[in-house]
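Worksheet for the structure shown next.
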Amino acid sequence: MSKVKSVLGIVIEGEKLLLIKRRDVPVWVLPGGGIEEGESAEQAIVREMWEETGLGVEVTRRVGTYTGGFFIKPVHLYECKLINGSPLSGDEVADVRYFPRDDLPRAVPPPFEEFIDDSFKKIPPFEREITSITVVTIILTLLKHPILFIRFILSRLGLHINSR
C-alpha cells in the first residue's frame, strides 16, 4: 500500500451527511486534509474537521483506505460523530451544510459520491483503489465543468483561487 498522507471524514445524521464547499475549487466535498508529522490518521481527521467546519468530532470507525487513482492521493476515510460546535466557514471553506443523501448538490465531484456510498454501507474497513475516477470520467468532467477542472489542476499545483 502507498503511504497514506491524507484523511477524509464523514458525519452522518440519519439520512443526512455533512459537506463543505471549498473556496479554491467551488465544489461540495467531504472535509479532510493532510496528516501532519507525528500525527495519527485519527488525530488528523479530528483536527481537520475542527479546522474546516468548526465542529468537534469523535472517530467512530474507519470506513476504508483508498489507494489512489488518477489525480487522487491515497486517503483514509473515517466516519465521525459530532460532539460539539456549530458549522462555520473559514479560509479554505466557503460553506458547511448537511444534505440528504438522496439530494446531494450537483457540484459533488467524483470520487466523493463513491466515498459517501461506501460510508452508508456499514461494512468492515477495506482497502482498495478508487473506482469512480477513470479516463472517461476525467474527460467528461473536463467537458462538463472546464473551469472547475482547471481550478482543480491549479490547486494541485499550489495555485489557489478564491482563498482568503
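Labels used: A, B, ... for chains in the order of the C-alpha cells, numbers from 1 for residues in each chain, and numbers from 1 for ligands as shown.
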
As a PDB file with C-alpha atoms, in the first residue's frame, please: the residues near region 10-17 of chain A (cut-off 12 Å, only C-alpha atoms, same-chain neighbours under 5 positions excluded).
```pdb
ATOM      1  CA  TRP A  28     -19.036  20.240  -2.319  1.00  0.00           C
ATOM      2  CA  VAL A  29     -16.794  17.589  -0.749  1.00  0.00           C
ATOM      3  CA  LEU A  30     -16.168  15.746   2.482  1.00  0.00           C
ATOM      4  CA  PRO A  31     -13.939  17.604   4.962  1.00  0.00           C
ATOM      5  CA  GLY A  32     -10.367  16.442   5.263  1.00  0.00           C
ATOM      6  CA  ILE A  45      -9.267  13.877  10.853  1.00  0.00           C
ATOM      7  CA  VAL A  46     -10.378  15.268  14.220  1.00  0.00           C
ATOM      8  CA  GLU A  48      -9.130  18.742  10.008  1.00  0.00           C
ATOM      9  CA  MET A  49     -12.835  18.548  10.864  1.00  0.00           C
ATOM     10  CA  THR A  53     -16.058  23.012   9.871  1.00  0.00           C
ATOM     11  CA  LEU A  55     -17.158  21.026  14.661  1.00  0.00           C
ATOM     12  CA  GLY A  56     -15.651  18.795  17.306  1.00  0.00           C
ATOM     13  CA  VAL A  57     -15.920  15.148  16.303  1.00  0.00           C
ATOM     14  CA  GLU A  58     -15.013  11.721  17.553  1.00  0.00           C
ATOM     15  CA  VAL A  59     -13.966   8.953  15.142  1.00  0.00           C
ATOM     16  CA  THR A  60     -16.462   6.087  15.236  1.00  0.00           C
ATOM     17  CA  ARG A  61     -14.950   3.862  12.531  1.00  0.00           C
ATOM     18  CA  ARG A  62     -12.555   3.668   9.616  1.00  0.00           C
ATOM     19  CA  VAL A  63     -14.690   3.184   6.528  1.00  0.00           C
ATOM     20  CA  GLY A  64     -11.769   2.305   4.303  1.00  0.00           C
ATOM     21  CA  HIS A  76      -8.201   7.078   4.856  1.00  0.00           C
ATOM     22  CA  LEU A  77     -11.957   7.706   5.137  1.00  0.00           C
ATOM     23  CA  TYR A  78     -13.416   7.894   8.660  1.00  0.00           C
ATOM     24  CA  GLU A  79     -16.971   8.092   9.903  1.00  0.00           C
ATOM     25  CA  CYS A  80     -17.187  10.629  12.707  1.00  0.00           C
ATOM     26  CA  LYS A  81     -19.751  11.533  15.331  1.00  0.00           C
ATOM     27  CA  LEU A  82     -20.485  15.170  16.152  1.00  0.00           C
ATOM     28  CA  ILE A  83     -19.651  16.007  19.779  1.00  0.00           C
ATOM     29  CA  PRO A  87     -20.787  24.695  11.433  1.00  0.00           C
ATOM     30  CA  VAL A  96     -20.699  23.955   5.637  1.00  0.00           C
ATOM     31  CA  ARG A  97     -24.073  22.170   5.398  1.00  0.00           C
ATOM     32  CA  TYR A  98     -25.939  18.932   5.905  1.00  0.00           C
ATOM     33  CA  PHE A  99     -27.532  17.399   2.804  1.00  0.00           C
ATOM     34  CA  PRO A 100     -29.951  14.491   2.407  1.00  0.00           C
ATOM     35  CA  ARG A 101     -28.105  11.536   0.907  1.00  0.00           C
ATOM     36  CA  ASP A 102     -30.621  11.358  -1.950  1.00  0.00           C
ATOM     37  CA  ASP A 103     -30.410  15.114  -2.691  1.00  0.00           C
ATOM     38  CA  LEU A 104     -26.713  15.974  -2.912  1.00  0.00           C
ATOM     39  CA  PRO A 105     -25.608  19.180  -4.647  1.00  0.00           C
ATOM     40  CA  PHE A 112     -16.862  11.757  -3.355  1.00  0.00           C
ATOM     41  CA  GLU A 113     -20.119  10.021  -4.288  1.00  0.00           C
ATOM     42  CA  PHE A 115     -16.886   7.668  -0.635  1.00  0.00           C
ATOM     43  CA  ILE A 116     -20.394   8.603   0.507  1.00  0.00           C
ATOM     44  CA  ASP A 117     -21.938   5.376  -0.840  1.00  0.00           C
ATOM     45  CA  ASP A 118     -19.256   3.283   0.870  1.00  0.00           C
ATOM     46  CA  SER A 119     -19.852   5.098   4.182  1.00  0.00           C
ATOM     47  CA  PHE A 120     -23.547   4.225   4.205  1.00  0.00           C
ATOM     48  CA  LYS A 121     -22.862   0.506   3.551  1.00  0.00           C
ATOM     49  CA  LYS A 122     -21.670  -0.135   7.136  1.00  0.00           C
TER      50      LYS A 122
END
```

Exercise for review: Going by DSSP on the backbone, which bits of region 9-52 of chain A are alpha helix (DSSP H)? Write them as number ranges by chain, please.
Suggested key: A: 41-52

Selection to disk with N, CA and C atoms, as a short mmCIF file (atom, residue, chain, number, x, y, z; two decimals), in the first residue's frame:
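Final file, again.cif:
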```cif
data_model
loop_
_atom_site.label_atom_id
_atom_site.label_comp_id
_atom_site.auth_asym_id
_atom_site.auth_seq_id
_atom_site.Cartn_x
_atom_site.Cartn_y
_atom_site.Cartn_z
N ALA A 41 -3.60 9.16 11.82
CA ALA A 41 -4.68 9.48 10.88
C ALA A 41 -5.94 9.91 11.65
N GLU A 42 -6.24 9.25 12.77
CA GLU A 42 -7.41 9.60 13.57
C GLU A 42 -7.28 11.00 14.16
N GLN A 43 -6.09 11.35 14.64
CA GLN A 43 -5.87 12.70 15.15
C GLN A 43 -6.01 13.73 14.03
N ALA A 44 -5.52 13.37 12.85
CA ALA A 44 -5.58 14.29 11.71
C ALA A 44 -7.02 14.59 11.31
N ILE A 45 -7.90 13.59 11.29
CA ILE A 45 -9.27 13.88 10.85
C ILE A 45 -10.01 14.69 11.91
N VAL A 46 -9.75 14.45 13.17
CA VAL A 46 -10.38 15.27 14.22
C VAL A 46 -9.92 16.72 14.07
N ARG A 47 -8.63 16.95 13.84
CA ARG A 47 -8.10 18.30 13.66
C ARG A 47 -8.66 18.94 12.39
N GLU A 48 -8.64 18.21 11.28
CA GLU A 48 -9.13 18.74 10.01
C GLU A 48 -10.62 19.09 10.07
N MET A 49 -11.41 18.25 10.72
CA MET A 49 -12.84 18.55 10.86
C MET A 49 -13.02 19.85 11.64
N TRP A 50 -12.26 20.03 12.71
CA TRP A 50 -12.36 21.26 13.50
C TRP A 50 -11.95 22.47 12.66
N GLU A 51 -10.81 22.36 11.98
CA GLU A 51 -10.31 23.49 11.19
C GLU A 51 -11.25 23.86 10.04
N GLU A 52 -11.84 22.87 9.39
CA GLU A 52 -12.65 23.14 8.20
C GLU A 52 -14.11 23.40 8.49
#
```

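One distance worth recording is that between CA of Arg128 (chain A) and CA of Pro26 (chain A), which is 27.5 Å.
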
Exercise for review: Can you check which residues of region 11-116 of chain A DSSP gives as strand (DSSP E or B) on the backbone and send them as a PyMOL selection string?
Suggested key: chain A and resi 11-13+16-22+28-29+32-34+55-66+69+72+75-85+93-100

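Nearest to Lys5 (chain A) of all the residues A:Asp91, A:Glu114, A:Glu37, A:Glu129 is A:Glu37, based on only C-alpha atoms.
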